[in-house]
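A.B. asks: My structure is stored as entry-v3.txt, with compact mmCIF, C-alpha atoms and all ligand atoms.
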# COMPACT_ATOMS: atom_id res chain seq x y z
CA THR A 164 91.24 94.16 178.46
CA ARG A 165 87.56 93.76 179.36
CA SER A 166 86.83 92.76 182.96
CA THR A 167 85.39 89.33 183.70
CA ARG A 168 81.83 88.77 184.95
CA PRO A 169 83.06 87.74 188.42
CA GLN A 170 85.19 90.92 188.59
CA ARG A 171 82.13 93.03 187.71
CA LEU A 172 80.11 91.15 190.33
CA LEU A 173 82.75 91.85 193.01
CA LYS A 174 82.73 95.57 192.12
CA VAL A 175 78.95 95.65 192.56
CA VAL A 176 79.31 94.06 196.01
CA GLN A 177 82.03 96.52 197.07
CA LYS A 178 79.96 99.47 195.76
CA HIS A 179 76.46 98.55 196.97
CA ALA A 180 76.85 96.15 199.90
CA THR A 181 77.83 97.03 203.48
CA ARG A 182 80.97 95.42 204.87
CA GLY A 183 80.06 92.75 207.43
CA ASP A 184 76.44 92.57 206.28
CA PRO A 185 75.85 89.25 204.45
CA GLN A 186 72.25 90.08 203.51
CA SER A 187 73.38 93.25 201.70
CA VAL A 188 75.96 91.18 199.76
CA ILE A 189 73.25 88.69 198.74
CA SER A 190 70.84 91.50 197.72
CA ALA A 191 73.50 93.38 195.73
CA ILE A 192 74.41 90.24 193.74
CA ASP A 193 70.77 89.29 193.11
CA HIS A 194 69.87 92.79 191.92
CA PHE A 195 72.87 92.90 189.55
CA CYS A 196 72.22 89.41 188.14
CA ARG A 197 68.50 90.01 187.70
CA HIS A 198 68.73 93.50 186.16
CA SER A 199 72.19 93.78 184.59
CA GLU A 200 74.03 90.54 183.91
CA TRP A 201 72.93 86.92 184.52
CA ALA A 202 75.38 84.76 186.48
CA MET A 203 75.21 81.16 187.70
CA ASN A 204 74.54 81.91 191.39
CA VAL A 205 71.89 79.72 193.02
CA GLY A 206 69.90 82.97 193.19
CA ASP A 207 67.14 84.33 195.43
CA GLU A 208 64.33 81.84 194.72
CA LYS A 209 66.35 78.62 195.10
CA GLY A 210 68.43 80.47 197.71
CA SER A 211 65.39 80.77 199.97
CA ILE A 212 64.91 76.99 199.76
CA LEU A 213 68.62 76.53 200.55
CA ASP A 214 68.19 78.84 203.57
CA SER A 215 65.26 76.81 204.91
CA VAL A 216 67.11 73.49 204.57
CA VAL A 217 70.22 74.90 206.33
CA SER A 218 68.22 76.63 209.08
CA GLU A 219 66.26 73.44 209.83
CA LEU A 220 69.46 71.34 209.94
CA ASN A 221 71.77 73.70 211.88
CA PRO A 222 74.85 71.87 210.52
CA GLU A 223 78.28 72.05 212.20
CA LYS A 224 80.29 70.64 209.27
CA VAL A 225 79.36 71.77 205.78
CA LEU A 226 80.90 70.98 202.37
CA GLU A 227 80.09 73.07 199.28
CA LEU A 228 81.17 71.76 195.88
CA GLY A 229 81.39 74.74 193.53
CA THR A 230 82.02 78.17 195.06
CA TYR A 231 81.90 80.39 191.92
CA CYS A 232 81.72 83.96 193.34
CA GLY A 233 80.76 82.86 196.84
CA TYR A 234 77.06 83.76 196.70
CA SER A 235 75.79 80.44 198.10
CA THR A 236 78.80 80.29 200.43
CA VAL A 237 77.61 83.57 201.99
CA ARG A 238 73.98 82.36 202.05
CA ILE A 239 74.97 79.21 203.96
CA ALA A 240 77.70 80.63 206.22
CA ARG A 241 75.49 83.51 207.46
CA LEU A 242 73.09 80.92 208.93
CA LEU A 243 75.69 78.70 210.65
CA PRO A 244 75.96 78.59 214.45
CA PRO A 245 79.20 79.86 216.10
CA GLY A 246 81.98 77.28 215.74
CA ALA A 247 80.40 75.69 212.66
CA ARG A 248 82.68 75.34 209.60
CA LEU A 249 82.07 75.47 205.85
CA ILE A 250 84.63 74.02 203.43
CA THR A 251 84.03 75.15 199.84
CA LEU A 252 85.84 73.77 196.79
CA GLU A 253 86.42 75.82 193.64
CA PHE A 254 88.26 74.54 190.54
CA ASN A 255 88.82 77.90 188.81
CA ALA A 256 91.55 80.04 190.44
CA ASP A 257 90.06 83.31 189.10
CA TYR A 258 86.62 82.49 190.55
CA ALA A 259 88.29 81.50 193.86
CA ALA A 260 90.12 84.85 194.07
CA ILE A 261 86.83 86.75 193.61
CA ALA A 262 84.96 84.49 196.03
CA ARG A 263 87.53 85.08 198.79
CA GLN A 264 86.90 88.82 198.52
CA VAL A 265 83.09 88.45 198.45
CA ILE A 266 83.19 86.17 201.52
CA ALA A 267 85.50 88.64 203.29
CA TRP A 268 83.22 91.59 202.40
CA ALA A 269 80.35 89.69 204.06
CA GLY A 270 82.56 89.25 207.15
CA LEU A 271 82.28 85.46 207.06
CA GLU A 272 85.91 84.47 206.44
CA ASP A 273 86.23 82.93 209.94
CA LYS A 274 83.55 80.34 209.15
CA VAL A 275 84.70 79.52 205.63
CA GLN A 276 87.67 77.61 204.23
CA LEU A 277 87.96 78.01 200.45
CA VAL A 278 90.05 75.30 198.77
CA GLU A 279 91.17 75.46 195.13
CA GLY A 280 91.20 72.23 193.17
CA ALA A 281 89.12 69.36 191.82
CA SER A 282 86.54 67.59 193.98
CA GLU A 283 87.83 64.14 192.99
CA ASP A 284 91.29 65.10 194.29
CA TRP A 285 90.14 66.76 197.51
CA ILE A 286 87.29 64.53 198.71
CA PRO A 287 89.66 61.62 199.51
CA ARG A 288 91.84 64.03 201.54
CA MET A 289 89.12 65.66 203.65
CA LYS A 290 89.73 63.53 206.76
CA GLU A 291 93.53 63.77 207.00
CA HIS A 292 93.84 67.33 205.67
CA PHE A 293 90.93 69.05 207.45
CA GLY A 294 90.39 66.70 210.40
CA ILE A 295 86.83 66.11 209.22
CA GLU A 296 85.05 62.96 210.41
CA THR A 297 81.76 63.30 208.53
CA PHE A 298 79.76 66.16 207.00
CA ASP A 299 76.32 67.17 208.26
CA PHE A 300 75.38 69.00 205.04
CA VAL A 301 76.72 68.97 201.45
CA PHE A 302 75.66 71.50 198.78
CA LEU A 303 76.39 70.20 195.25
CA ASP A 304 76.76 72.97 192.67
CA HIS A 305 79.86 72.03 190.63
CA TRP A 306 80.32 70.10 187.35
CA LYS A 307 76.99 68.40 186.78
CA ASP A 308 78.67 65.17 185.57
CA ARG A 309 80.55 64.99 188.89
CA TYR A 310 77.52 64.98 191.20
CA LEU A 311 77.09 61.19 191.03
CA PRO A 312 80.74 60.04 191.06
CA ASP A 313 81.56 62.48 193.87
CA THR A 314 78.57 61.31 195.93
CA LYS A 315 79.76 57.71 195.59
CA LEU A 316 83.29 58.90 196.44
CA MET A 317 82.02 60.62 199.62
CA GLU A 318 80.21 57.39 200.57
CA ASP A 319 83.36 55.33 199.98
CA CYS A 320 85.52 57.78 201.97
CA GLY A 321 83.13 57.52 204.94
CA LEU A 322 82.33 61.24 204.80
CA LEU A 323 78.55 60.72 205.08
CA ARG A 324 76.73 59.59 208.23
CA LYS A 325 73.17 58.53 208.99
CA GLY A 326 71.21 61.77 208.50
CA THR A 327 73.72 63.68 206.35
CA VAL A 328 71.76 65.91 203.96
CA LEU A 329 72.85 66.38 200.33
CA LEU A 330 71.25 69.33 198.52
CA ALA A 331 71.88 69.44 194.76
CA ASP A 332 71.41 72.51 192.56
CA ASN A 333 70.39 72.38 188.87
CA VAL A 334 68.78 68.97 188.88
CA ILE A 335 66.58 70.09 185.92
CA CYS A 336 68.67 72.82 184.26
CA PRO A 337 71.38 72.03 183.18
CA GLY A 338 70.22 68.71 184.72
CA VAL A 339 71.83 65.75 186.46
CA PRO A 340 69.80 62.71 185.30
CA ASP A 341 72.23 60.02 186.47
CA TYR A 342 72.49 61.59 189.96
CA LEU A 343 68.69 61.94 190.26
CA GLU A 344 68.12 58.33 189.21
CA TYR A 345 70.64 57.18 191.83
CA VAL A 346 69.44 59.14 194.89
CA ARG A 347 65.75 58.53 194.04
CA ASN A 348 66.16 54.74 193.64
CA SER A 349 68.92 53.93 196.13
CA LEU A 350 67.78 52.35 199.41
CA SER A 351 70.50 54.45 201.08
CA TYR A 352 68.72 57.78 200.44
CA LYS A 353 65.36 59.42 201.10
CA SER A 354 65.01 62.04 198.36
CA TYR A 355 62.72 65.05 197.83
CA TYR A 356 62.42 67.47 194.90
CA PHE A 357 61.92 71.22 195.48
CA LYS A 358 60.51 72.63 192.24
CA SER A 359 61.78 76.13 191.47
CA HIS A 360 63.29 78.12 188.59
CA LEU A 361 66.71 78.58 187.06
CA GLU A 362 68.26 81.58 188.82
CA TYR A 363 66.88 84.93 187.61
CA THR A 364 64.78 83.27 184.85
CA LYS A 365 61.39 81.65 184.23
CA ALA A 366 62.92 78.33 183.14
CA GLU A 367 62.17 75.36 185.39
CA ASP A 368 64.89 74.13 187.70
CA GLY A 369 64.93 72.66 191.18
CA LEU A 370 66.88 71.42 194.16
CA GLU A 371 66.99 67.77 195.21
CA LYS A 372 67.32 67.11 198.95
CA SER A 373 68.61 63.62 199.73
CA VAL A 374 69.07 62.29 203.28
CA PHE A 375 71.72 59.56 203.61
CA LEU A 376 70.24 56.65 205.59
CA GLY A 377 73.59 54.97 206.35
O1 LIG B 401 77.87 74.78 185.46
C1 LIG B 401 77.37 75.22 186.48
N1 LIG B 401 78.01 75.17 187.64
C2 LIG B 401 79.30 74.48 187.73
C3 LIG B 401 80.50 75.37 187.39
C4 LIG B 401 81.57 75.06 188.39
C5 LIG B 401 82.73 74.27 187.89
C6 LIG B 401 83.42 73.56 188.98
C7 LIG B 401 83.98 72.32 188.89
C8 LIG B 401 84.57 71.87 190.11
C9 LIG B 401 85.26 70.68 190.37
N2 LIG B 401 85.79 70.39 191.59
C10 LIG B 401 85.66 71.28 192.59
C11 LIG B 401 84.99 72.50 192.41
C12 LIG B 401 84.45 72.77 191.15
S1 LIG B 401 83.59 74.17 190.59
C13 LIG B 401 76.02 75.88 186.42
C14 LIG B 401 75.49 76.21 185.16
C15 LIG B 401 74.25 76.83 185.06
C16 LIG B 401 73.68 77.17 183.74
C17 LIG B 401 74.50 77.68 182.73
C18 LIG B 401 73.97 78.00 181.49
C19 LIG B 401 72.60 77.84 181.25
F1 LIG B 401 72.09 78.16 180.05
C20 LIG B 401 71.77 77.33 182.24
C21 LIG B 401 72.31 76.99 183.49
C22 LIG B 401 73.52 77.14 186.23
C23 LIG B 401 74.03 76.81 187.47
O2 LIG B 401 73.35 77.08 188.62
C24 LIG B 401 75.27 76.17 187.58
O3 LIG B 401 75.72 75.83 188.83
MG MG B 402 74.10 76.01 190.21
Write out the structure in this file as structure tokens.
Ligand SMILES: O=C(NCCCCc1cc2cnccc2s1)c1cc(-c2ccc(F)cc2)cc(O)c1O
Ligand SMILES: [Mg+2]

C.D. replies:
Amino acid sequence: TRSTRPQRLLKVVQKHATRGDPQSVISAIDHFCRHSEWAMNVGDEKGSILDSVVSELNPEKVLELGTYCGYSTVRIARLLPPGARLITLEFNADYAAIARQVIAWAGLEDKVQLVEGASEDWIPRMKEHFGIETFDFVFLDHWKDRYLPDTKLMEDCGLLRKGTVLLADNVICPGVPDYLEYVRNSLSYKSYYFKSHLEYTKAEDGLEKSVFLG
């Protein structure tokens, strides 16, 4: 039967990227998705904004909601200091299997823990299962109708501390209106919108950076 898009993306990485070279993995995926087959990676334009937020923060404990093929996982993990850890949640087992191989090809498996399952099931178990106190940085890129409930869940589980940065993808396209309204009006967040474009297209999209004030 026909291969899946993530399988074709992995083949492109294994053919065109150099083992242990995260930048070549990122470039191979971006080239393929821009010139051959669109895929829902954060992409190069929003990815550069993601890079600048991560580089400025230098986080030790990172949570990513929504791994897909591991593109943003590689973008984030390549910038983390030694000893820093990234936990990434993926709901779809087929996507997770591809992402593990992409992350390994980039040589970043020691910094990344990929967990399969739903965010609402795993967020309440972060402390006891992973020995996590609080996260320094959270990248939201999963089901758009889970951004708000999962943010409230992270607050309730004590996973956010004064200064924790949430960065949300797709706040315009597909859009997360309830989440935006919350972080922009809550006295517990200072929020900022980075205007950009939907990956590999001319459509507007953007990232919302929200600092938890405690
Ligand atoms: O749906 C998107 N991402 C979510 C899929 C991940 C599902 C998961 C649920 C879940 C639950 N718990 C734990 C882990 C996870 S992972 C998405 C979609 C578009 C898009 C698609 C068509 C279009 F025309 C315009 C934009 C662009 C994007 O950048 C996206 O990120
Ligand atoms: Mg996205």

A.B. asks: How would you report the residues lying within 10 Å of ligand LIG 401 (chain B), as a PyMOL selection string, if you count all atoms listed in the file?

C.D. replies: chain A and resi 201-206+209+227-231+251-256+258-259+278-286+303-310+313+331-338+361-362+364+366+368-369

A.B. asks: Restrict the selected residues to C-alpha atoms and save them as a PDB file, keeping the file's coordinate frame.

C.D. replies:
ATOM      1  CA  TRP A 201      72.930  86.920 184.520  1.00  0.00           C
ATOM      2  CA  ALA A 202      75.380  84.760 186.480  1.00  0.00           C
ATOM      3  CA  MET A 203      75.210  81.160 187.700  1.00  0.00           C
ATOM      4  CA  ASN A 204      74.540  81.910 191.390  1.00  0.00           C
ATOM      5  CA  VAL A 205      71.890  79.720 193.020  1.00  0.00           C
ATOM      6  CA  GLY A 206      69.900  82.970 193.190  1.00  0.00           C
ATOM      7  CA  LYS A 209      66.350  78.620 195.100  1.00  0.00           C
ATOM      8  CA  GLU A 227      80.090  73.070 199.280  1.00  0.00           C
ATOM      9  CA  LEU A 228      81.170  71.760 195.880  1.00  0.00           C
ATOM     10  CA  GLY A 229      81.390  74.740 193.530  1.00  0.00           C
ATOM     11  CA  THR A 230      82.020  78.170 195.060  1.00  0.00           C
ATOM     12  CA  TYR A 231      81.900  80.390 191.920  1.00  0.00           C
ATOM     13  CA  THR A 251      84.030  75.150 199.840  1.00  0.00           C
ATOM     14  CA  LEU A 252      85.840  73.770 196.790  1.00  0.00           C
ATOM     15  CA  GLU A 253      86.420  75.820 193.640  1.00  0.00           C
ATOM     16  CA  PHE A 254      88.260  74.540 190.540  1.00  0.00           C
ATOM     17  CA  ASN A 255      88.820  77.900 188.810  1.00  0.00           C
ATOM     18  CA  ALA A 256      91.550  80.040 190.440  1.00  0.00           C
ATOM     19  CA  TYR A 258      86.620  82.490 190.550  1.00  0.00           C
ATOM     20  CA  ALA A 259      88.290  81.500 193.860  1.00  0.00           C
ATOM     21  CA  VAL A 278      90.050  75.300 198.770  1.00  0.00           C
ATOM     22  CA  GLU A 279      91.170  75.460 195.130  1.00  0.00           C
ATOM     23  CA  GLY A 280      91.200  72.230 193.170  1.00  0.00           C
ATOM     24  CA  ALA A 281      89.120  69.360 191.820  1.00  0.00           C
ATOM     25  CA  SER A 282      86.540  67.590 193.980  1.00  0.00           C
ATOM     26  CA  GLU A 283      87.830  64.140 192.990  1.00  0.00           C
ATOM     27  CA  ASP A 284      91.290  65.100 194.290  1.00  0.00           C
ATOM     28  CA  TRP A 285      90.140  66.760 197.510  1.00  0.00           C
ATOM     29  CA  ILE A 286      87.290  64.530 198.710  1.00  0.00           C
ATOM     30  CA  LEU A 303      76.390  70.200 195.250  1.00  0.00           C
ATOM     31  CA  ASP A 304      76.760  72.970 192.670  1.00  0.00           C
ATOM     32  CA  HIS A 305      79.860  72.030 190.630  1.00  0.00           C
ATOM     33  CA  TRP A 306      80.320  70.100 187.350  1.00  0.00           C
ATOM     34  CA  LYS A 307      76.990  68.400 186.780  1.00  0.00           C
ATOM     35  CA  ASP A 308      78.670  65.170 185.570  1.00  0.00           C
ATOM     36  CA  ARG A 309      80.550  64.990 188.890  1.00  0.00           C
ATOM     37  CA  TYR A 310      77.520  64.980 191.200  1.00  0.00           C
ATOM     38  CA  ASP A 313      81.560  62.480 193.870  1.00  0.00           C
ATOM     39  CA  ALA A 331      71.880  69.440 194.760  1.00  0.00           C
ATOM     40  CA  ASP A 332      71.410  72.510 192.560  1.00  0.00           C
ATOM     41  CA  ASN A 333      70.390  72.380 188.870  1.00  0.00           C
ATOM     42  CA  VAL A 334      68.780  68.970 188.880  1.00  0.00           C
ATOM     43  CA  ILE A 335      66.580  70.090 185.920  1.00  0.00           C
ATOM     44  CA  CYS A 336      68.670  72.820 184.260  1.00  0.00           C
ATOM     45  CA  PRO A 337      71.380  72.030 183.180  1.00  0.00           C
ATOM     46  CA  GLY A 338      70.220  68.710 184.720  1.00  0.00           C
ATOM     47  CA  LEU A 361      66.710  78.580 187.060  1.00  0.00           C
ATOM     48  CA  GLU A 362      68.260  81.580 188.820  1.00  0.00           C
ATOM     49  CA  THR A 364      64.780  83.270 184.850  1.00  0.00           C
ATOM     50  CA  ALA A 366      62.920  78.330 183.140  1.00  0.00           C
ATOM     51  CA  ASP A 368      64.890  74.130 187.700  1.00  0.00           C
ATOM     52  CA  GLY A 369      64.930  72.660 191.180  1.00  0.00           C
TER      53      GLY A 369
END

A.B. asks: Using all atoms listed in the file for the distances, tell me which of A:Lys372, A:Arg171, A:Lys325, A:Lys365 is nearest to Ser351 in chain A.

C.D. replies: A:Lys325

A.B. asks: Give the answer as one residue: which of A:Gly377, A:Pro312, A:Gly321, A:Gly294 has the shortest atom-to-atom distance to Leu350 in chain A, using all atoms listed in the file?

C.D. replies: A:Gly377

A.B. asks: Using only C-alpha atoms and all ligand atoms, can you tell me which of A:Tyr363, A:Phe375, A:Tyr345, A:Trp268 comes closest to ligand MG 402 (chain B)?

C.D. replies: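 Once distances to ligand MG 402 (chain B) are computed over only C-alpha atoms and all ligand atoms, the minimum belongs to A:Tyr363.
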
A.B. asks: List as an mmCIF file with C-alpha atoms, keeping the file's coordinate frame the residues having at least one atom at most 9 Å from position (76.4, 69.9, 207.9) as given in the file, counting only C-alpha atoms.

C.D. replies:
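Here's the written file selection00.cif:
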data_model
loop_
_atom_site.group_PDB
_atom_site.id
_atom_site.type_symbol
_atom_site.label_atom_id
_atom_site.label_comp_id
_atom_site.auth_asym_id
_atom_site.auth_seq_id
_atom_site.Cartn_x
_atom_site.Cartn_y
_atom_site.Cartn_z
ATOM 1 C CA VAL A 217 70.220 74.900 206.330
ATOM 2 C CA LEU A 220 69.460 71.340 209.940
ATOM 3 C CA ASN A 221 71.770 73.700 211.880
ATOM 4 C CA PRO A 222 74.850 71.870 210.520
ATOM 5 C CA GLU A 223 78.280 72.050 212.200
ATOM 6 C CA LYS A 224 80.290 70.640 209.270
ATOM 7 C CA VAL A 225 79.360 71.770 205.780
ATOM 8 C CA LEU A 226 80.900 70.980 202.370
ATOM 9 C CA ALA A 247 80.400 75.690 212.660
ATOM 10 C CA ARG A 248 82.680 75.340 209.600
ATOM 11 C CA LEU A 249 82.070 75.470 205.850
ATOM 12 C CA THR A 297 81.760 63.300 208.530
ATOM 13 C CA PHE A 298 79.760 66.160 207.000
ATOM 14 C CA ASP A 299 76.320 67.170 208.260
ATOM 15 C CA PHE A 300 75.380 69.000 205.040
ATOM 16 C CA VAL A 301 76.720 68.970 201.450
ATOM 17 C CA THR A 327 73.720 63.680 206.350
ATOM 18 C CA VAL A 328 71.760 65.910 203.960
#

A.B. asks: Would you please work out which residue, of A:Tyr355, A:Leu213, A:Arg182, A:Glu291, is nearest to ligand MG 402 (chain B) when using only C-alpha atoms and all ligand atoms?

C.D. replies: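 Using only C-alpha atoms and all ligand atoms, ligand MG 402 (chain B) sits closest to A:Leu213.
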
A.B. asks: Grab the CA of Glu208 in chain A to CA of Gly326 in chain A distance for me, in Å with one decimal place.

C.D. replies: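 CA of Glu208 in chain A sits 25.3 Å away from CA of Gly326 in chain A.
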
A.B. asks: Can you work out the spacing between CA of Pro185 in chain A and CA of Ser199 in chain A in Å, to one decimal?

C.D. replies: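 Separating CA of Pro185 in chain A from CA of Ser199 in chain A is a distance of 20.7 Å.
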
A.B. asks: Using CA of Gly270 in chain A and CA of Lys174 in chain A as the two end points, give the distance in Å to one decimal.

C.D. replies: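 Spanning CA of Gly270 in chain A to CA of Lys174 in chain A is a straight-line distance of 16.3 Å.
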
A.B. asks: Please work out which residues fall within 9 Å of (61.4, 70.8, 196.9), coordinates as given in the file, with only C-alpha atoms counting, and return them as a ChimeraX atom specification.

C.D. replies: /A:212,355-359,369-372

A.B. asks: For ligand MG 402 (chain B), which residue among A:Met289, A:Leu271, A:Cys232, A:Met317 is the nearest when counting only C-alpha atoms and all ligand atoms?

C.D. replies: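 The answer is A:Cys232, which sits nearest to ligand MG 402 (chain B).
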
A.B. asks: Determine the nearest neighbour of ligand MG 402 (chain B) from the options A:Asp184, A:Leu376, A:Phe302, A:Tyr342, counting all atoms listed in the file.

C.D. replies: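 Using all atoms listed in the file, the shortest distance to ligand MG 402 (chain B) belongs to A:Phe302.
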
A.B. asks: Range 293-305 of chain A from the block above, N, CA, C and O atoms, as an mmCIF file, in the first residue's frame, please?

C.D. replies:
data_model
loop_
_atom_site.group_PDB
_atom_site.id
_atom_site.type_symbol
_atom_site.label_atom_id
_atom_site.label_comp_id
_atom_site.auth_asym_id
_atom_site.auth_seq_id
_atom_site.Cartn_x
_atom_site.Cartn_y
_atom_site.Cartn_z
ATOM 1 N N PHE A 293 7.922 11.445 35.865
ATOM 2 C CA PHE A 293 9.190 11.928 35.276
ATOM 3 C C PHE A 293 10.054 12.682 36.283
ATOM 4 O O PHE A 293 11.108 13.189 35.944
ATOM 5 N N GLY A 294 9.552 12.811 37.523
ATOM 6 C CA GLY A 294 10.315 13.543 38.535
ATOM 7 C C GLY A 294 10.473 15.007 38.184
ATOM 8 O O GLY A 294 11.472 15.644 38.536
ATOM 9 N N ILE A 295 9.472 15.536 37.468
ATOM 10 C CA ILE A 295 9.508 16.954 37.078
ATOM 11 C C ILE A 295 8.868 17.794 38.176
ATOM 12 O O ILE A 295 7.781 17.458 38.642
ATOM 13 N N GLU A 296 9.531 18.869 38.586
ATOM 14 C CA GLU A 296 8.908 19.837 39.493
ATOM 15 C C GLU A 296 8.052 20.795 38.669
ATOM 16 O O GLU A 296 6.829 20.714 38.671
ATOM 17 N N THR A 297 8.744 21.659 37.923
ATOM 18 C CA THR A 297 8.036 22.600 37.033
ATOM 19 C C THR A 297 8.786 22.659 35.699
ATOM 20 O O THR A 297 9.949 22.283 35.599
ATOM 21 N N PHE A 298 8.074 23.120 34.657
ATOM 22 C CA PHE A 298 8.695 23.298 33.343
ATOM 23 C C PHE A 298 9.154 24.741 33.179
ATOM 24 O O PHE A 298 8.504 25.670 33.698
ATOM 25 N N ASP A 299 10.254 24.916 32.462
ATOM 26 C CA ASP A 299 10.760 26.261 32.153
ATOM 27 C C ASP A 299 10.131 26.780 30.859
ATOM 28 O O ASP A 299 9.935 27.979 30.695
ATOM 29 N N PHE A 300 9.815 25.831 29.944
ATOM 30 C CA PHE A 300 9.320 26.181 28.614
ATOM 31 C C PHE A 300 8.349 25.118 28.130
ATOM 32 O O PHE A 300 8.627 23.919 28.271
ATOM 33 N N VAL A 301 7.210 25.518 27.597
ATOM 34 C CA VAL A 301 6.219 24.608 27.018
ATOM 35 C C VAL A 301 5.896 25.072 25.602
ATOM 36 O O VAL A 301 5.569 26.256 25.399
ATOM 37 N N PHE A 302 6.016 24.152 24.615
ATOM 38 C CA PHE A 302 5.645 24.447 23.235
ATOM 39 C C PHE A 302 4.333 23.728 22.939
ATOM 40 O O PHE A 302 4.261 22.491 23.013
ATOM 41 N N LEU A 303 3.273 24.471 22.667
ATOM 42 C CA LEU A 303 1.946 23.899 22.393
ATOM 43 C C LEU A 303 1.725 23.804 20.893
ATOM 44 O O LEU A 303 1.758 24.814 20.188
ATOM 45 N N ASP A 304 1.549 22.547 20.423
ATOM 46 C CA ASP A 304 1.382 22.326 18.982
ATOM 47 C C ASP A 304 0.536 21.089 18.735
ATOM 48 O O ASP A 304 0.710 20.387 17.739
ATOM 49 N N HIS A 305 -0.405 20.809 19.662
ATOM 50 C CA HIS A 305 -1.225 19.589 19.552
ATOM 51 C C HIS A 305 -2.659 19.942 19.158
ATOM 52 O O HIS A 305 -2.857 20.984 18.491
#
